file structure_11.pdb (PDB, C-alpha atoms)
ATOM      1  CA  MET Y   1      16.249  62.778  30.177
ATOM      2  CA  ARG Y   2      19.430  60.870  29.490
ATOM      3  CA  GLU Y   3      18.163  57.899  31.561
ATOM      4  CA  LEU Y   4      14.979  57.820  29.499
ATOM      5  CA  TRP Y   5      16.968  57.595  26.251
ATOM      6  CA  VAL Y   6      19.165  54.836  27.678
ATOM      7  CA  ARG Y   7      16.062  52.820  28.640
ATOM      8  CA  ILE Y   8      14.502  53.354  25.197
ATOM      9  CA  VAL Y   9      17.711  52.350  23.387
ATOM     10  CA  ALA Y  10      18.176  49.324  25.670
ATOM     11  CA  THR Y  11      14.566  48.235  25.130
ATOM     12  CA  LEU Y  12      14.795  48.662  21.346
ATOM     13  CA  THR Y  13      18.118  46.822  21.262
ATOM     14  CA  GLY Y  14      16.629  43.928  23.248
ATOM     15  CA  MET Y  15      13.613  43.755  20.942
ATOM     16  CA  LEU Y  16      15.911  43.826  17.901
ATOM     17  CA  VAL Y  17      18.001  40.964  19.305
ATOM     18  CA  ILE Y  18      14.871  38.906  20.004
ATOM     19  CA  MET Y  19      13.475  39.564  16.508
ATOM     20  CA  LEU Y  20      16.795  38.625  14.876
ATOM     21  CA  ALA Y  21      16.912  35.424  16.952
ATOM     22  CA  LEU Y  22      13.387  34.509  15.831
ATOM     23  CA  VAL Y  23      14.197  35.197  12.170
ATOM     24  CA  PHE Y  24      17.420  33.179  12.422
ATOM     25  CA  ALA Y  25      15.574  30.269  14.085
ATOM     26  CA  TRP Y  26      12.860  30.357  11.400
ATOM     27  CA  LEU Y  27      15.466  30.341   8.617
ATOM     28  CA  GLN Y  28      17.371  27.447  10.171
ATOM     29  CA  SER Y  29      14.392  25.220  10.931
ATOM     30  CA  PRO Y  30      13.859  22.375   8.456
ATOM     31  CA  ARG Y  31      10.841  22.712   6.264
ATOM     32  CA  VAL Y  32       8.916  19.487   6.082
ATOM     33  CA  PRO Y  33       6.238  19.495   3.395
ATOM     34  CA  PHE Y  34       2.831  18.290   4.421
ATOM     35  CA  THR Y  35       2.082  14.811   3.237
ATOM     36  CA  ALA Y  36      -1.247  13.152   3.607
ATOM     37  CA  PRO Y  37      -1.206  10.015   5.735
ATOM     38  CA  ALA Y  38      -0.775   6.871   3.712
ATOM     39  CA  VAL Y  39      -3.868   4.772   3.346
ATOM     40  CA  ALA Y  40      -3.260   1.098   2.905
ATOM     41  CA  PRO Y  41      -4.872  -0.154  -0.296
ATOM     42  CA  ALA Y  42      -7.569  -2.774  -0.015
ATOM     43  CA  THR Y  43      -6.265  -6.284  -0.512
ATOM     44  CA  PRO Y  44      -8.166  -8.086  -3.262
ATOM     45  CA  PRO Y  45      -9.379 -11.652  -2.650
ATOM     46  CA  PRO Y  46      -6.752 -14.309  -3.474
ATOM     47  CA  ALA Y  47      -9.045 -16.106  -5.948
ATOM     48  CA  LEU Y  48      -9.533 -12.877  -7.900
ATOM     49  CA  VAL Y  49      -5.769 -12.230  -7.883
ATOM     50  CA  GLU Y  50      -5.142 -15.709  -9.290
ATOM     51  CA  ALA Y  51      -7.750 -15.143 -11.998
ATOM     52  CA  GLY Y  52      -6.020 -11.849 -12.829
ATOM     53  CA  ARG Y  53      -2.660 -13.604 -13.050
ATOM     54  CA  ALA Y  54      -4.215 -15.996 -15.576
ATOM     55  CA  VAL Y  55      -5.583 -13.052 -17.605
ATOM     56  CA  TYR Y  56      -2.116 -11.434 -17.508
ATOM     57  CA  ALA Y  57      -0.575 -14.613 -18.904
ATOM     58  CA  ALA Y  58      -3.327 -15.238 -21.481
ATOM     59  CA  GLN Y  59      -3.137 -11.686 -22.844
ATOM     60  CA  GLY Y  60       0.653 -11.882 -23.218
ATOM     61  CA  CYS Y  61       1.264  -8.854 -21.003
ATOM     62  CA  ALA Y  62       4.812 -10.076 -20.287
ATOM     63  CA  MET Y  63       5.754  -9.156 -23.863
ATOM     64  CA  CYS Y  64       5.707  -5.500 -22.764
ATOM     65  CA  HIS Y  65       5.886  -5.702 -18.944
ATOM     66  CA  ALA Y  66       7.863  -7.497 -16.246
ATOM     67  CA  ILE Y  67       6.817  -8.700 -12.819
ATOM     68  CA  ALA Y  68       9.452  -9.886 -10.350
ATOM     69  CA  GLY Y  69      12.046  -9.869 -13.133
ATOM     70  CA  GLU Y  70      10.019 -12.052 -15.502
ATOM     71  CA  GLY Y  71       9.058 -10.526 -18.832
ATOM     72  CA  ASN Y  72      10.171  -7.377 -20.635
ATOM     73  CA  PRO Y  73      12.257  -5.409 -18.104
ATOM     74  CA  ARG Y  74      11.632  -2.115 -19.887
ATOM     75  CA  TYR Y  75       8.252  -1.573 -18.197
ATOM     76  CA  PRO Y  76       8.198  -3.338 -14.807
ATOM     77  CA  LEU Y  77       4.895  -3.544 -12.944
ATOM     78  CA  ASP Y  78       6.403  -4.257  -9.527
ATOM     79  CA  GLY Y  79       4.739  -1.957  -7.005
ATOM     80  CA  ALA Y  80       1.919  -0.948  -9.356
ATOM     81  CA  GLY Y  81      -0.644  -1.564  -6.625
ATOM     82  CA  GLU Y  82       1.184   0.849  -4.338
ATOM     83  CA  ARG Y  83       1.390   3.626  -6.942
ATOM     84  CA  ARG Y  84      -2.192   3.646  -8.232
ATOM     85  CA  ASP Y  85      -5.660   2.870  -6.974
ATOM     86  CA  ALA Y  86      -8.014   0.489  -8.793
ATOM     87  CA  ALA Y  87      -9.458   3.231 -11.031
ATOM     88  CA  GLY Y  88      -5.966   4.426 -11.962
ATOM     89  CA  LEU Y  89      -4.827   0.899 -12.763
ATOM     90  CA  ARG Y  90      -7.895   0.380 -14.936
ATOM     91  CA  ASP Y  91      -7.126   3.625 -16.810
ATOM     92  CA  TRP Y  92      -3.551   2.468 -17.473
ATOM     93  CA  ILE Y  93      -4.643  -0.974 -18.614
ATOM     94  CA  LEU Y  94      -7.225   0.467 -21.039
ATOM     95  CA  ALA Y  95      -5.321   3.677 -21.944
ATOM     96  CA  THR Y  96      -8.227   5.863 -20.852
ATOM     97  CA  GLY Y  97      -8.541   8.916 -18.628
ATOM     98  CA  ALA Y  98      -5.298  10.556 -17.524
ATOM     99  CA  ALA Y  99      -3.247   7.613 -18.811
ATOM    100  CA  GLU Y 100      -4.387   8.212 -22.371
ATOM    101  CA  ALA Y 101      -2.557  11.539 -22.491
ATOM    102  CA  GLU Y 102       0.579  10.216 -20.754
ATOM    103  CA  LEU Y 103       1.077   7.013 -22.733
ATOM    104  CA  PRO Y 104       2.950   7.044 -26.033
ATOM    105  CA  ALA Y 105       0.600   6.675 -29.016
ATOM    106  CA  ARG Y 106       1.932   3.208 -29.854
ATOM    107  CA  ALA Y 107       1.340   1.898 -26.325
ATOM    108  CA  ALA Y 108      -2.097   3.494 -26.146
ATOM    109  CA  GLY Y 109      -3.007   1.847 -29.435
ATOM    110  CA  ARG Y 110      -1.942  -1.597 -28.215
ATOM    111  CA  LYS Y 111      -3.858  -1.176 -24.955
ATOM    112  CA  GLN Y 112      -7.112  -0.391 -26.757
ATOM    113  CA  ALA Y 113      -7.441  -4.117 -27.477
ATOM    114  CA  TYR Y 114      -7.993  -4.674 -23.736
ATOM    115  CA  ARG Y 115     -11.216  -2.664 -23.930
ATOM    116  CA  ALA Y 116     -12.816  -5.776 -25.433
ATOM    117  CA  LEU Y 117     -12.091  -7.826 -22.296
ATOM    118  CA  PRO Y 118     -15.153  -8.893 -20.326
ATOM    119  CA  ASP Y 119     -15.643  -6.934 -17.106
ATOM    120  CA  GLU Y 120     -14.868 -10.013 -14.997
ATOM    121  CA  GLN Y 121     -11.466 -10.493 -16.650
ATOM    122  CA  LEU Y 122     -10.662  -6.793 -16.497
ATOM    123  CA  GLY Y 123     -11.621  -6.678 -12.822
ATOM    124  CA  ALA Y 124      -9.442  -9.695 -12.122
ATOM    125  CA  LEU Y 125      -6.504  -8.103 -13.958
ATOM    126  CA  VAL Y 126      -6.922  -4.913 -11.919
ATOM    127  CA  ALA Y 127      -7.019  -7.004  -8.726
ATOM    128  CA  TYR Y 128      -3.806  -8.732  -9.768
ATOM    129  CA  MET Y 129      -2.116  -5.366 -10.395
ATOM    130  CA  GLN Y 130      -3.334  -4.155  -6.988
ATOM    131  CA  SER Y 131      -1.678  -7.144  -5.353
ATOM    132  CA  LEU Y 132       1.742  -6.293  -6.747
ATOM    133  CA  GLY Y 133       4.116  -4.904  -4.141
ATOM    134  CA  THR Y 134       7.577  -3.415  -4.556
ATOM    135  CA  GLU Y 135       9.178  -6.832  -4.196
ATOM    136  CA  GLY Y 136       7.130  -8.266  -7.058
ATOM    137  CA  MET Y 137       4.129 -10.199  -5.850
ATOM    138  CA  ASN Y 138       2.678 -10.108  -2.376
TER
END
call {"tool": "encode", "arguments": {"input": "structure_11.pdb", "output": "structure tokens"}}
result
Amino acid sequence: MRELWVRIVATLTGMLVIMLALVFAWLQSPRVPFTAPAVAPATPPPALVEAGRAVYAAQGCAMCHAIAGEGNPRYPLDGAGERRDAAGLRDWILATGAAEAELPARAAGRKQAYRALPDEQLGALVAYMQSLGTEGMN
């Protein structure tokens, strides 16, 4: 009978040691959050980017924004194409959608003037914003 109890205690002790080792390993393992694979944004045609750069200059966007250190440094646009897709950039330019709620009222009011831009100019401006990388312009 005594041998039976020794085997039971030894087995339970071994199982306890294994369970504690598993718990300790789980607690010590780094937790890496799942991140979706990055999808490279589509590169707009160079002619459209140049047209967008002209719209940016004609609309006086540098009064409020900076690109590659040129313009108002308070709201830099460097890397805008990496942070938002075309629809998101369009929302921020026009102060519509999710951007409308996030923008200060004064900025949203100023951006409403861009709603009068022809679709071609607005599309070109979005293409220009898409082309902006973290180092300024691609």
call {"tool": "resolve_selection", "arguments": {"input": "structure_11.pdb", "expression": "the PyMOL selection byres ((chain Y and resi 56) around 12)", "output": "VMD selection string"}}
result
chain Y and resid 49 to 55 57 to 67 71 77 93 114 117 121 to 129
call {"tool": "atom_distance", "arguments": {"input": "structure_11.pdb", "atom1": "atom CA of Pro118 of chain Y", "atom2": "atom CA of Glu70 of chain Y"}}
result
25.8 Å
call {"tool": "atom_distance", "arguments": {"input": "structure_11.pdb", "atom1": "atom CA of Leu22 of chain Y", "atom2": "atom CA of Leu4 of chain Y"}}
result
27.1 Å
call {"tool": "atom_distance", "arguments": {"input": "structure_11.pdb", "atom1": "atom CA of Lys111 of chain Y", "atom2": "atom CA of Leu94 of chain Y"}}
result
5.4 Å
call {"tool": "closest_residue", "arguments": {"input": "structure_11.pdb", "among": "Y:Ala108, Y:Glu3, Y:Ile18, Y:Gln28", "to": "Asp91 of chain Y", "atoms": "all atoms listed in the file"}}
result
Y:Ala108
call {"tool": "closest_residue", "arguments": {"input": "structure_11.pdb", "among": "Y:Glu120, Y:Arg115, Y:Pro44, Y:Ala68", "to": "Ala86 of chain Y", "atoms": "all atoms listed in the file"}}
result
Y:Pro44
call {"tool": "decode", "arguments": {"input": "structure_11.pdb", "residues": "segment 6-29 of chain Y", "atoms": "N, CA and C atoms", "output": "PDB file, in the first residue's frame"}}
result
ATOM      1  N   VAL Y   6       3.420   6.148  -2.726  1.00  0.00           N
ATOM      2  CA  VAL Y   6       4.659   6.776  -3.193  1.00  0.00           C
ATOM      3  C   VAL Y   6       4.563   7.020  -4.700  1.00  0.00           C
ATOM      4  N   ARG Y   7       4.059   6.039  -5.453  1.00  0.00           N
ATOM      5  CA  ARG Y   7       3.904   6.221  -6.900  1.00  0.00           C
ATOM      6  C   ARG Y   7       2.909   7.339  -7.222  1.00  0.00           C
ATOM      7  N   ILE Y   8       1.801   7.374  -6.491  1.00  0.00           N
ATOM      8  CA  ILE Y   8       0.789   8.421  -6.718  1.00  0.00           C
ATOM      9  C   ILE Y   8       1.366   9.795  -6.421  1.00  0.00           C
ATOM     10  N   VAL Y   9       2.059   9.925  -5.278  1.00  0.00           N
ATOM     11  CA  VAL Y   9       2.651  11.220  -4.906  1.00  0.00           C
ATOM     12  C   VAL Y   9       3.733  11.612  -5.912  1.00  0.00           C
ATOM     13  N   ALA Y  10       4.549  10.665  -6.347  1.00  0.00           N
ATOM     14  CA  ALA Y  10       5.601  10.960  -7.317  1.00  0.00           C
ATOM     15  C   ALA Y  10       4.993  11.393  -8.653  1.00  0.00           C
ATOM     16  N   THR Y  11       3.940  10.703  -9.089  1.00  0.00           N
ATOM     17  CA  THR Y  11       3.277  11.059 -10.333  1.00  0.00           C
ATOM     18  C   THR Y  11       2.651  12.442 -10.240  1.00  0.00           C
ATOM     19  N   LEU Y  12       1.939  12.719  -9.156  1.00  0.00           N
ATOM     20  CA  LEU Y  12       1.319  14.038  -8.975  1.00  0.00           C
ATOM     21  C   LEU Y  12       2.365  15.143  -8.879  1.00  0.00           C
ATOM     22  N   THR Y  13       3.465  14.865  -8.208  1.00  0.00           N
ATOM     23  CA  THR Y  13       4.539  15.854  -8.100  1.00  0.00           C
ATOM     24  C   THR Y  13       5.130  16.136  -9.484  1.00  0.00           C
ATOM     25  N   GLY Y  14       5.358  15.104 -10.272  1.00  0.00           N
ATOM     26  CA  GLY Y  14       5.880  15.289 -11.624  1.00  0.00           C
ATOM     27  C   GLY Y  14       4.928  16.095 -12.489  1.00  0.00           C
ATOM     28  N   MET Y  15       3.629  15.787 -12.403  1.00  0.00           N
ATOM     29  CA  MET Y  15       2.643  16.541 -13.173  1.00  0.00           C
ATOM     30  C   MET Y  15       2.597  18.000 -12.726  1.00  0.00           C
ATOM     31  N   LEU Y  16       2.714  18.220 -11.414  1.00  0.00           N
ATOM     32  CA  LEU Y  16       2.712  19.595 -10.893  1.00  0.00           C
ATOM     33  C   LEU Y  16       3.921  20.370 -11.402  1.00  0.00           C
ATOM     34  N   VAL Y  17       5.080  19.729 -11.418  1.00  0.00           N
ATOM     35  CA  VAL Y  17       6.299  20.384 -11.913  1.00  0.00           C
ATOM     36  C   VAL Y  17       6.148  20.729 -13.393  1.00  0.00           C
ATOM     37  N   ILE Y  18       5.609  19.810 -14.168  1.00  0.00           N
ATOM     38  CA  ILE Y  18       5.412  20.062 -15.604  1.00  0.00           C
ATOM     39  C   ILE Y  18       4.421  21.198 -15.818  1.00  0.00           C
ATOM     40  N   MET Y  19       3.316  21.206 -15.078  1.00  0.00           N
ATOM     41  CA  MET Y  19       2.328  22.283 -15.213  1.00  0.00           C
ATOM     42  C   MET Y  19       2.913  23.629 -14.828  1.00  0.00           C
ATOM     43  N   LEU Y  20       3.693  23.671 -13.729  1.00  0.00           N
ATOM     44  CA  LEU Y  20       4.327  24.930 -13.324  1.00  0.00           C
ATOM     45  C   LEU Y  20       5.326  25.404 -14.376  1.00  0.00           C
ATOM     46  N   ALA Y  21       6.056  24.478 -14.991  1.00  0.00           N
ATOM     47  CA  ALA Y  21       7.009  24.844 -16.039  1.00  0.00           C
ATOM     48  C   ALA Y  21       6.283  25.429 -17.247  1.00  0.00           C
ATOM     49  N   LEU Y  22       5.140  24.836 -17.618  1.00  0.00           N
ATOM     50  CA  LEU Y  22       4.367  25.357 -18.736  1.00  0.00           C
ATOM     51  C   LEU Y  22       3.814  26.750 -18.433  1.00  0.00           C
ATOM     52  N   VAL Y  23       3.293  26.934 -17.224  1.00  0.00           N
ATOM     53  CA  VAL Y  23       2.759  28.248 -16.840  1.00  0.00           C
ATOM     54  C   VAL Y  23       3.876  29.285 -16.835  1.00  0.00           C
ATOM     55  N   PHE Y  24       5.039  28.921 -16.269  1.00  0.00           N
ATOM     56  CA  PHE Y  24       6.165  29.850 -16.238  1.00  0.00           C
ATOM     57  C   PHE Y  24       6.617  30.209 -17.658  1.00  0.00           C
ATOM     58  N   ALA Y  25       6.697  29.208 -18.545  1.00  0.00           N
ATOM     59  CA  ALA Y  25       7.095  29.473 -19.931  1.00  0.00           C
ATOM     60  C   ALA Y  25       6.084  30.369 -20.626  1.00  0.00           C
ATOM     61  N   TRP Y  26       4.795  30.147 -20.397  1.00  0.00           N
ATOM     62  CA  TRP Y  26       3.756  30.982 -21.004  1.00  0.00           C
ATOM     63  C   TRP Y  26       3.850  32.421 -20.504  1.00  0.00           C
ATOM     64  N   LEU Y  27       4.112  32.590 -19.191  1.00  0.00           N
ATOM     65  CA  LEU Y  27       4.216  33.942 -18.647  1.00  0.00           C
ATOM     66  C   LEU Y  27       5.450  34.679 -19.143  1.00  0.00           C
ATOM     67  N   GLN Y  28       6.519  33.946 -19.423  1.00  0.00           N
ATOM     68  CA  GLN Y  28       7.763  34.578 -19.846  1.00  0.00           C
ATOM     69  C   GLN Y  28       7.864  34.795 -21.352  1.00  0.00           C
ATOM     70  N   SER Y  29       7.005  34.183 -22.128  1.00  0.00           N
ATOM     71  CA  SER Y  29       7.097  34.326 -23.575  1.00  0.00           C
ATOM     72  C   SER Y  29       6.595  35.706 -23.985  1.00  0.00           C
TER      73      SER Y  29
END
